[in-house]
file work-v3.cif (mmCIF, C-alpha atoms)
data_data
#
loop_
_atom_site.label_atom_id
_atom_site.label_comp_id
_atom_site.auth_asym_id
_atom_site.auth_seq_id
_atom_site.Cartn_x
_atom_site.Cartn_y
_atom_site.Cartn_z
CA MET A 1 -18.09 12.87 15.73
CA TRP A 2 -20.20 16.01 15.23
CA VAL A 3 -18.83 19.34 13.95
CA ARG A 4 -20.69 22.56 13.18
CA SER A 5 -19.41 24.37 10.08
CA ASP A 6 -20.94 27.75 9.20
CA ARG A 7 -20.82 28.68 5.52
CA ALA A 8 -20.22 32.40 4.96
CA ASP A 9 -20.64 31.99 1.17
CA VAL A 10 -24.39 31.42 1.69
CA THR A 11 -26.13 34.66 2.71
CA ASP A 12 -29.76 35.67 3.16
CA PRO A 13 -30.83 37.67 0.07
CA GLY A 14 -33.40 39.48 2.24
CA SER A 15 -30.82 40.70 4.75
CA ALA A 16 -29.34 44.15 4.17
CA SER A 17 -26.24 43.15 6.14
CA ARG A 18 -25.79 39.98 4.05
CA GLU A 19 -25.14 38.00 7.20
CA PRO A 20 -24.51 34.24 6.86
CA ALA A 21 -27.89 32.50 6.80
CA LEU A 22 -26.73 28.93 7.14
CA ASN A 23 -24.92 26.56 9.42
CA VAL A 24 -23.93 23.02 8.52
CA ASN A 25 -23.86 20.14 10.97
CA ILE A 26 -21.30 17.53 9.92
CA PHE A 27 -21.53 14.00 11.29
CA ASP A 28 -18.36 11.95 10.85
CA VAL A 29 -18.27 8.16 11.38
CA ARG A 30 -15.14 6.06 10.86
CA TYR A 31 -13.93 2.50 11.18
CA ALA A 32 -10.14 2.14 11.41
CA GLY A 33 -7.53 -0.53 11.98
CA LEU A 34 -8.75 -3.20 9.55
CA GLU A 35 -5.65 -5.24 8.58
CA LEU A 36 -6.04 -6.61 5.05
CA TRP A 37 -2.54 -8.12 4.91
CA SER A 38 0.79 -7.80 6.72
CA ASN A 39 1.73 -4.24 7.73
CA SER A 40 -1.42 -2.75 6.21
CA SER A 41 -4.35 -0.85 7.68
CA LEU A 42 -7.67 0.19 6.12
CA GLU A 43 -9.82 3.05 7.37
CA LEU A 44 -13.35 3.69 6.10
CA GLY A 45 -15.30 6.87 6.74
CA ILE A 46 -18.57 8.56 5.93
CA ASP A 47 -19.38 12.23 6.48
CA TYR A 48 -22.95 13.50 6.33
CA ALA A 49 -23.49 17.26 6.07
CA MET A 50 -26.90 18.52 7.19
CA THR A 51 -27.76 22.07 6.11
CA ASN A 52 -29.74 24.30 8.45
CA GLU A 53 -31.06 27.59 7.03
CA SER A 54 -32.27 30.52 9.13
CA ASP A 55 -36.03 31.18 9.33
CA ALA A 56 -35.58 34.29 7.18
CA TYR A 57 -33.62 32.54 4.43
CA THR A 58 -35.27 32.96 1.01
CA GLY A 59 -32.62 31.60 -1.37
CA LYS A 60 -32.59 28.35 -3.31
CA SER A 61 -33.21 25.06 -1.56
CA LEU A 62 -29.97 23.75 -0.06
CA LYS A 63 -29.08 20.08 -0.16
CA ASP A 64 -27.50 17.77 2.39
CA GLY A 65 -24.45 15.89 1.12
CA VAL A 66 -22.34 12.81 1.72
CA MET A 67 -18.59 12.19 1.49
CA LEU A 68 -17.24 8.63 1.39
CA THR A 69 -13.58 7.94 2.24
CA ALA A 70 -11.36 4.87 2.05
CA GLU A 71 -7.73 5.12 3.22
CA LEU A 72 -5.24 2.27 2.85
CA THR A 73 -1.92 2.55 4.73
CA GLN A 74 1.06 0.29 4.02
CA SER A 75 4.35 0.23 5.94
CA ILE A 76 7.25 0.34 3.46
CA PHE A 77 10.98 1.24 3.45
CA ASN A 78 11.05 2.35 7.10
CA GLY A 79 8.10 4.63 6.39
CA PHE A 80 4.59 4.43 5.00
CA ASN A 81 2.47 4.84 1.89
CA LYS A 82 -1.17 5.97 1.98
CA THR A 83 -3.74 5.75 -0.80
CA VAL A 84 -6.99 7.67 -0.31
CA LEU A 85 -10.18 7.47 -2.37
CA GLN A 86 -12.95 10.03 -1.82
CA TYR A 87 -16.32 10.71 -3.43
CA GLY A 88 -18.57 13.61 -2.50
CA THR A 89 -22.09 14.68 -3.40
CA GLU A 90 -23.78 18.11 -3.33
CA GLY A 91 -21.66 20.54 -1.27
CA TYR A 92 -18.98 17.92 -0.74
CA GLY A 93 -18.66 17.70 -4.53
CA LYS A 94 -17.65 21.36 -4.61
CA ALA A 95 -15.31 20.94 -1.64
CA ILE A 96 -13.47 18.06 -3.33
CA ALA A 97 -13.26 19.85 -6.70
CA TYR A 98 -11.68 22.87 -4.98
CA ASP A 99 -9.09 21.15 -2.76
CA GLY A 100 -11.25 21.03 0.37
CA ALA A 101 -9.77 19.16 3.32
CA GLY A 102 -13.18 17.86 4.41
CA ASN A 103 -13.75 20.51 7.08
CA TRP A 104 -16.03 22.75 4.97
CA TYR A 105 -19.16 22.11 2.96
CA GLY A 106 -19.99 24.07 -0.21
CA ALA A 107 -23.72 24.34 0.40
CA GLU A 108 -24.06 26.88 -2.43
CA ALA A 109 -23.08 24.19 -4.99
CA GLU A 110 -25.34 23.34 -7.91
CA ASP A 111 -27.98 20.69 -7.25
CA GLY A 112 -26.61 17.25 -8.03
CA ALA A 113 -22.96 18.32 -7.69
CA ALA A 114 -20.47 15.48 -7.42
CA ALA A 115 -16.70 14.97 -7.53
CA TYR A 116 -14.03 12.45 -6.60
CA ARG A 117 -10.31 12.37 -5.88
CA ILE A 118 -7.45 9.92 -5.52
CA ILE A 119 -4.47 10.77 -3.31
CA ASN A 120 -1.25 8.83 -2.77
CA HIS A 121 1.35 10.11 -0.33
CA GLY A 122 4.03 8.80 1.97
CA VAL A 123 7.54 8.92 3.38
CA MET A 124 10.44 6.51 2.80
CA THR A 125 13.80 6.46 4.58
CA PHE A 126 17.09 5.21 3.12
CA GLY A 127 19.87 5.79 5.64
CA GLN A 128 20.41 9.56 5.83
CA PHE A 129 18.00 10.20 2.94
CA ASP A 130 14.26 10.75 3.36
CA ILE A 131 11.86 11.02 0.43
CA SER A 132 8.26 12.15 0.75
CA HIS A 133 5.75 12.54 -2.05
CA GLN A 134 2.16 13.35 -2.85
CA LEU A 135 0.19 12.53 -6.00
CA LEU A 136 -3.32 13.96 -6.44
CA TRP A 137 -6.01 13.59 -9.07
CA GLN A 138 -9.40 15.21 -8.51
CA ALA A 139 -12.30 15.96 -10.83
CA SER A 140 -15.93 16.97 -10.81
CA THR A 141 -18.33 14.48 -12.39
CA ASP A 142 -21.41 16.73 -12.26
CA ASP A 143 -21.49 20.54 -12.24
CA VAL A 144 -20.54 22.02 -8.87
CA GLN A 145 -21.14 25.70 -9.69
CA ALA A 146 -23.42 27.87 -11.81
CA GLY A 147 -22.24 28.46 -15.37
CA GLN A 148 -19.82 25.55 -15.37
CA THR A 149 -19.08 24.35 -18.91
CA ALA A 150 -16.36 21.75 -18.28
CA ASP A 151 -15.28 19.31 -15.59
CA ILE A 152 -12.95 20.86 -13.00
CA GLU A 153 -9.80 18.72 -13.03
CA THR A 154 -6.50 18.89 -11.15
CA LEU A 155 -3.42 16.68 -11.34
CA SER A 156 -0.58 17.57 -8.96
CA VAL A 157 2.74 15.99 -8.05
CA VAL A 158 5.08 16.93 -5.18
CA VAL A 159 8.39 15.22 -4.36
CA ARG A 160 10.51 16.21 -1.36
CA PRO A 161 13.92 14.55 -0.95
CA GLN A 162 16.06 15.60 1.99
CA TYR A 163 19.46 14.68 3.40
CA ARG A 164 20.12 14.65 7.15
CA TRP A 165 23.71 15.70 7.80
CA ASN A 166 23.41 15.05 11.53
CA GLU A 167 20.83 15.30 14.32
CA LEU A 168 20.43 19.04 13.78
CA HIS A 169 21.04 19.93 10.12
CA THR A 170 19.06 18.88 7.05
CA THR A 171 19.09 20.03 3.42
CA ILE A 172 15.67 19.90 1.76
CA LEU A 173 14.66 20.04 -1.90
CA GLU A 174 10.97 20.27 -2.85
CA LEU A 175 9.69 19.97 -6.42
CA GLY A 176 6.02 20.47 -7.23
CA ALA A 177 3.86 20.86 -10.32
CA PHE A 178 0.17 20.88 -11.19
CA THR A 179 -1.96 20.93 -14.32
CA GLY A 180 -5.66 20.77 -15.02
CA GLN A 181 -8.81 22.42 -16.29
CA ASN A 182 -10.99 25.19 -14.85
CA ALA A 183 -14.79 25.28 -14.77
CA ASP A 184 -14.88 27.29 -18.01
CA GLY A 185 -12.67 24.83 -19.87
CA SER A 186 -9.51 26.95 -19.69
CA ASP A 187 -6.21 25.36 -18.72
CA LYS A 188 -4.35 25.82 -15.46
CA GLY A 189 -0.87 24.80 -14.41
CA GLY A 190 2.31 25.77 -12.64
CA GLN A 191 5.41 24.70 -10.77
CA LYS A 192 7.15 25.47 -7.51
CA TYR A 193 10.77 24.63 -6.68
CA THR A 194 12.19 25.12 -3.18
CA ILE A 195 15.55 24.53 -1.55
CA ALA A 196 15.96 24.92 2.21
CA GLN A 197 18.47 24.42 4.97
CA ALA A 198 16.81 23.29 8.20
CA ILE A 199 17.69 22.96 11.87
CA SER A 200 15.48 20.55 13.81
CA ALA A 201 15.30 18.89 17.22
CA GLY A 202 16.24 15.37 16.11
CA ASP A 203 17.20 13.33 13.06
CA SER A 204 13.73 12.07 12.09
CA PHE A 205 11.73 13.30 9.09
CA TRP A 206 9.05 14.30 11.59
CA ALA A 207 11.39 15.98 14.10
CA ARG A 208 9.92 19.28 15.26
CA PRO A 209 10.29 22.16 15.94
CA GLU A 210 12.13 22.88 12.70
CA PHE A 211 13.65 26.19 11.57
CA ARG A 212 14.18 26.66 7.82
CA VAL A 213 15.92 29.20 5.59
CA TYR A 214 14.55 28.77 2.08
CA ALA A 215 14.44 30.01 -1.50
CA SER A 216 11.46 29.25 -3.76
CA TYR A 217 10.76 29.79 -7.45
CA VAL A 218 7.09 29.82 -8.50
CA GLN A 219 5.87 29.69 -12.10
CA ASN A 220 2.31 30.05 -13.47
CA ASP A 221 2.15 28.29 -16.84
CA GLU A 222 -1.02 30.07 -17.94
CA GLY A 223 0.24 33.61 -17.45
CA PHE A 224 -0.58 36.33 -14.93
CA VAL A 225 -3.87 36.13 -13.04
CA GLY A 226 -4.97 38.79 -10.55
CA ASN A 227 -4.67 42.51 -9.87
CA SER A 228 -1.18 42.81 -8.40
CA ALA A 229 0.85 45.77 -9.60
CA ASN A 230 3.72 43.35 -10.25
CA GLN A 231 1.72 41.36 -12.86
CA SER A 232 4.35 38.67 -13.30
CA ASP A 233 3.75 35.01 -14.07
CA SER A 234 6.75 33.95 -11.96
CA GLU A 235 8.61 35.05 -8.88
CA LEU A 236 11.51 34.18 -6.61
CA ASN A 237 10.95 34.20 -2.84
CA PHE A 238 13.40 34.06 0.06
CA GLY A 239 12.45 33.64 3.68
CA VAL A 240 12.60 31.89 7.01
CA GLN A 241 10.03 29.50 8.40
CA VAL A 242 9.38 27.77 11.71
CA GLU A 243 7.22 24.66 12.07
CA ALA A 244 6.24 23.37 15.50
CA TRP A 245 3.65 20.88 16.73
CA TRP A 246 1.78 20.52 19.99
#

call {"tool": "encode", "arguments": {"input": "work-v3.cif", "output": "structure tokens"}}
result
Amino acid sequence: MWVRSDRADVTDPGSASREPALNVNIFDVRYAGLELWSNSSLELGIDYAMTNESDAYTGKSLKDGVMLTAELTQSIFNGFNKTVLQYGTEGYGKAIAYDGAGNWYGAEAEDGAAAYRIINHGVMTFGQFDISHQLLWQASTDDVQAGQTADIETLSVVVRPQYRWNELHTTILELGAFTGQNADGSDKGGQKYTIAQAISAGDSFWARPEFRVYASYVQNDEGFVGNSANQSDSELNFGVQVEAWW
């Protein structure tokens, strides 16, 4: 598969308008459906990002990069569990270090940038109870940005139990937390707790559309960051949400 991904963060220093001076052509090749044992499936992928500067571009030399992916899926408890390993070089190193989903390439990254991540997520069903989770560890192994003095590291955990009262109504609890280290060596961390009452078109975890009324509490462990007039390191949110798929 081929995808073009322009990178607005890379501009032409000689252009008064600072227009993007780069596009990135991403070539994605995958092999899926390899059964290692009963009820398992392995998918292997390689993404190659080819940078293409404009004729007028006068900035630093930009590097092509590679991202390697291995994804193991196991059927378990009427659901599934997936473990994903990824390693990225050059611009993909920056993308992985900063939670990139693989659809953008950080061409402005430092030469030799590299990072990796390990993800485990899944859904299990026990009668009327569903439990989903996601565990993430990601870290840079070589500097991905100028001035970096420490590895960028993130550990996050999310657990989402829910109880289906009937085919329409579900009560959802979501608990999430993260901790880690920024590029300058400072700490980062926080939590988010959400409770929601949902109405969906069916009694499956994946039933959509789904309408939710929710309350969320968000906490930043490292204090206030930003320019908001509120300047609080925590807040309580209430709202409604609709999720639908096509």

call {"tool": "residues_around", "arguments": {"input": "work-v3.cif", "residues": "A:Lys94", "least_positions_apart": "3", "cutoff": "6 Å", "atoms": "all atoms listed in the file", "output": "VMD selection string"}}
result
chain A and resid 91 97 106 144

call {"tool": "atom_distance", "arguments": {"input": "work-v3.cif", "atom1": "atom CA of A:Phe178", "atom2": "atom CA of A:Asp130"}}
result
22.6 Å

call {"tool": "resolve_selection", "arguments": {"input": "work-v3.cif", "expression": "the PyMOL selection byres ((chain A and resi 64-77) around 9)", "output": "PyMOL selection string"}}
result
chain A and resi 24+30+38-51+62-63+78-93+102+105+107+123-126

call {"tool": "resolve_selection", "arguments": {"input": "work-v3.cif", "expression": "the PyMOL selection byres ((chain A and resi 179) around 6)", "output": "PyMOL selection string"}}
result
chain A and resi 154-155+178+180+188-189

call {"tool": "atom_distance", "arguments": {"input": "work-v3.cif", "atom1": "atom CA of A:Gln134", "atom2": "atom CA of A:Leu173"}}
result
14.2 Å

call {"tool": "residues_near_point", "arguments": {"input": "work-v3.cif", "point": "(2.3, 26.7, -20.7)", "cutoff": "10 Å", "atoms": "only C-alpha atoms", "output": "PDB file with C-alpha atoms, in the frame of the given file"}}
result
ATOM      1  CA  THR A 179      -1.960  20.930 -14.320  1.00  0.00           C
ATOM      2  CA  ASP A 187      -6.210  25.360 -18.720  1.00  0.00           C
ATOM      3  CA  LYS A 188      -4.350  25.820 -15.460  1.00  0.00           C
ATOM      4  CA  GLY A 189      -0.870  24.800 -14.410  1.00  0.00           C
ATOM      5  CA  GLY A 190       2.310  25.770 -12.640  1.00  0.00           C
ATOM      6  CA  GLN A 219       5.870  29.690 -12.100  1.00  0.00           C
ATOM      7  CA  ASN A 220       2.310  30.050 -13.470  1.00  0.00           C
ATOM      8  CA  ASP A 221       2.150  28.290 -16.840  1.00  0.00           C
ATOM      9  CA  GLU A 222      -1.020  30.070 -17.940  1.00  0.00           C
ATOM     10  CA  GLY A 223       0.240  33.610 -17.450  1.00  0.00           C
TER      11      GLY A 223
END

call {"tool": "atom_distance", "arguments": {"input": "work-v3.cif", "atom1": "atom CA of A:Ala150", "atom2": "atom CA of A:Gly185"}}
result
5.1 Å

call {"tool": "resolve_selection", "arguments": {"input": "work-v3.cif", "expression": "the PyMOL selection byres ((chain A and resi 194) around 9)", "output": "list of chain:residue names"}}
result
A:Ile172, A:Leu173, A:Glu174, A:Leu175, A:Gly176, A:Lys192, A:Tyr193, A:Ile195, A:Ala196, A:Tyr214, A:Ala215, A:Ser216, A:Tyr217, A:Val218

call {"tool": "closest_residue", "arguments": {"input": "work-v3.cif", "among": "A:Asp184, A:Val159, A:Gly127, A:Thr171", "to": "A:Gly147", "atoms": "only C-alpha atoms"}}
result
A:Asp184

call {"tool": "residues_around", "arguments": {"input": "work-v3.cif", "residues": "A:Asp203", "least_positions_apart": "6", "cutoff": "9 Å", "atoms": "all atoms listed in the file", "output": "count of residues only"}}
result
8

call {"tool": "residues_near_point", "arguments": {"input": "work-v3.cif", "point": "(-26.1, 15.2, -13.0)", "cutoff": "9 Å", "atoms": "only C-alpha atoms", "output": "list in words"}}
result
Asp111, Gly112, Ala113, Ala114, Thr141, Asp142 and Asp143 of chain A

call {"tool": "closest_residue", "arguments": {"input": "work-v3.cif", "among": "A:Gln138, A:Asn23, A:Asn103, A:Gln241", "to": "A:Arg117", "atoms": "all atoms listed in the file"}}
result
A:Gln138

call {"tool": "residues_around", "arguments": {"input": "work-v3.cif", "residues": "A:Val213", "least_positions_apart": "6", "cutoff": "6 Å", "atoms": "all atoms listed in the file", "output": "MDAnalysis selection string"}}
result
chainID A and resid 196:197 239:240

call {"tool": "closest_residue", "arguments": {"input": "work-v3.cif", "among": "A:Leu36, A:Ser232, A:His133, A:Gln145", "to": "A:Asn120", "atoms": "all atoms listed in the file"}}
result
A:His133

call {"tool": "closest_residue", "arguments": {"input": "work-v3.cif", "among": "A:Asn52, A:Ser234, A:Thr58, A:Ser132", "to": "A:Gln162", "atoms": "only C-alpha atoms"}}
result
A:Ser132

call {"tool": "decode", "arguments": {"input": "work-v3.cif", "residues": "stretch 44-142 of chain A", "atoms": "C-alpha atoms", "output": "mmCIF file, in the first residue's frame"}}
result
data_model
loop_
_atom_site.group_PDB
_atom_site.id
_atom_site.type_symbol
_atom_site.label_atom_id
_atom_site.label_comp_id
_atom_site.auth_asym_id
_atom_site.auth_seq_id
_atom_site.Cartn_x
_atom_site.Cartn_y
_atom_site.Cartn_z
ATOM 1 C CA LEU A 44 4.184 -8.797 10.217
ATOM 2 C CA GLY A 45 4.583 -5.383 8.626
ATOM 3 C CA ILE A 46 7.206 -3.003 7.339
ATOM 4 C CA ASP A 47 6.670 0.670 6.540
ATOM 5 C CA TYR A 48 9.221 2.630 4.531
ATOM 6 C CA ALA A 49 8.936 6.425 4.529
ATOM 7 C CA MET A 50 10.609 8.207 1.606
ATOM 8 C CA THR A 51 11.118 11.955 2.063
ATOM 9 C CA ASN A 52 10.732 14.262 -0.927
ATOM 10 C CA GLU A 53 11.859 17.885 -0.492
ATOM 11 C CA SER A 54 10.871 20.746 -2.799
ATOM 12 C CA ASP A 55 13.497 22.116 -5.217
ATOM 13 C CA ALA A 56 13.736 25.291 -3.137
ATOM 14 C CA TYR A 57 14.263 23.500 0.179
ATOM 15 C CA THR A 58 17.488 24.629 1.909
ATOM 16 C CA GLY A 59 17.178 23.041 5.361
ATOM 17 C CA LYS A 60 19.041 20.089 6.813
ATOM 18 C CA SER A 61 19.217 16.812 4.935
ATOM 19 C CA LEU A 62 16.125 14.728 5.667
ATOM 20 C CA LYS A 63 16.324 10.984 6.172
ATOM 21 C CA ASP A 64 14.114 8.132 5.028
ATOM 22 C CA GLY A 65 12.945 5.843 7.830
ATOM 23 C CA VAL A 66 11.658 2.355 8.536
ATOM 24 C CA MET A 67 9.059 1.037 10.977
ATOM 25 C CA LEU A 68 8.875 -2.687 11.755
ATOM 26 C CA THR A 69 5.712 -4.179 13.280
ATOM 27 C CA ALA A 70 4.813 -7.593 14.683
ATOM 28 C CA GLU A 71 1.263 -8.198 15.969
ATOM 29 C CA LEU A 72 0.205 -11.431 17.678
ATOM 30 C CA THR A 73 -3.532 -12.023 18.218
ATOM 31 C CA GLN A 74 -4.885 -14.740 20.513
ATOM 32 C CA SER A 75 -8.556 -15.666 20.985
ATOM 33 C CA ILE A 76 -9.327 -15.860 24.714
ATOM 34 C CA PHE A 77 -12.390 -15.724 27.023
ATOM 35 C CA ASN A 78 -14.876 -15.058 24.203
ATOM 36 C CA GLY A 79 -12.703 -12.181 23.047
ATOM 37 C CA PHE A 80 -9.123 -11.516 22.012
ATOM 38 C CA ASN A 81 -5.726 -10.355 23.206
ATOM 39 C CA LYS A 82 -3.229 -8.541 20.964
ATOM 40 C CA THR A 83 0.459 -7.933 21.602
ATOM 41 C CA VAL A 84 2.225 -5.474 19.305
ATOM 42 C CA LEU A 85 5.960 -4.801 18.997
ATOM 43 C CA GLN A 86 7.184 -1.822 16.952
ATOM 44 C CA TYR A 87 10.583 -0.310 16.215
ATOM 45 C CA GLY A 88 11.100 2.856 14.202
ATOM 46 C CA THR A 89 14.111 4.701 12.807
ATOM 47 C CA GLU A 90 14.591 8.367 11.847
ATOM 48 C CA GLY A 91 11.179 10.084 11.572
ATOM 49 C CA TYR A 92 9.392 6.937 12.700
ATOM 50 C CA GLY A 93 11.467 7.082 15.887
ATOM 51 C CA LYS A 94 9.911 10.461 16.692
ATOM 52 C CA ALA A 95 6.432 9.248 15.741
ATOM 53 C CA ILE A 96 6.672 6.272 18.105
ATOM 54 C CA ALA A 97 8.123 8.347 20.966
ATOM 55 C CA TYR A 98 5.199 10.781 20.660
ATOM 56 C CA ASP A 99 2.262 8.344 20.412
ATOM 57 C CA GLY A 100 2.085 8.311 16.607
ATOM 58 C CA ALA A 101 -0.394 5.864 15.108
ATOM 59 C CA GLY A 102 1.870 5.155 12.131
ATOM 60 C CA ASN A 103 0.114 7.552 9.751
ATOM 61 C CA TRP A 104 2.622 10.415 10.113
ATOM 62 C CA TYR A 105 6.380 10.644 9.785
ATOM 63 C CA GLY A 106 8.464 13.065 11.862
ATOM 64 C CA ALA A 107 10.909 14.008 9.122
ATOM 65 C CA GLU A 108 12.288 16.857 11.247
ATOM 66 C CA ALA A 109 13.678 14.338 13.782
ATOM 67 C CA GLU A 110 17.354 14.284 14.701
ATOM 68 C CA ASP A 111 19.584 12.156 12.483
ATOM 69 C CA GLY A 112 19.771 8.616 13.830
ATOM 70 C CA ALA A 113 16.521 8.900 15.802
ATOM 71 C CA ALA A 114 15.081 5.602 17.011
ATOM 72 C CA ALA A 115 12.365 4.372 19.369
ATOM 73 C CA TYR A 116 10.323 1.281 20.177
ATOM 74 C CA ARG A 117 7.053 0.385 21.861
ATOM 75 C CA ILE A 118 5.186 -2.603 23.232
ATOM 76 C CA ILE A 119 1.379 -2.622 23.315
ATOM 77 C CA ASN A 120 -0.974 -5.202 24.780
ATOM 78 C CA HIS A 121 -4.723 -4.749 24.459
ATOM 79 C CA GLY A 122 -7.866 -6.813 24.219
ATOM 80 C CA VAL A 123 -11.437 -7.552 25.243
ATOM 81 C CA MET A 124 -12.772 -10.411 27.382
ATOM 82 C CA THR A 125 -16.414 -11.326 28.012
ATOM 83 C CA PHE A 126 -17.789 -13.036 31.127
ATOM 84 C CA GLY A 127 -21.569 -13.299 30.830
ATOM 85 C CA GLN A 128 -22.941 -9.756 31.132
ATOM 86 C CA PHE A 129 -19.511 -8.332 31.983
ATOM 87 C CA ASP A 130 -17.008 -7.108 29.394
ATOM 88 C CA ILE A 131 -13.472 -6.035 30.274
ATOM 89 C CA SER A 132 -11.148 -4.257 27.870
ATOM 90 C CA HIS A 133 -7.632 -3.070 28.583
ATOM 91 C CA GLN A 134 -4.568 -1.473 27.060
ATOM 92 C CA LEU A 135 -0.986 -1.527 28.335
ATOM 93 C CA LEU A 136 1.651 0.611 26.604
ATOM 94 C CA TRP A 137 5.378 1.082 27.048
ATOM 95 C CA GLN A 138 7.282 3.270 24.599
ATOM 96 C CA ALA A 139 10.731 4.827 24.702
ATOM 97 C CA SER A 140 13.283 6.538 22.509
ATOM 98 C CA THR A 141 16.640 4.767 22.225
ATOM 99 C CA ASP A 142 18.421 7.556 20.321
#
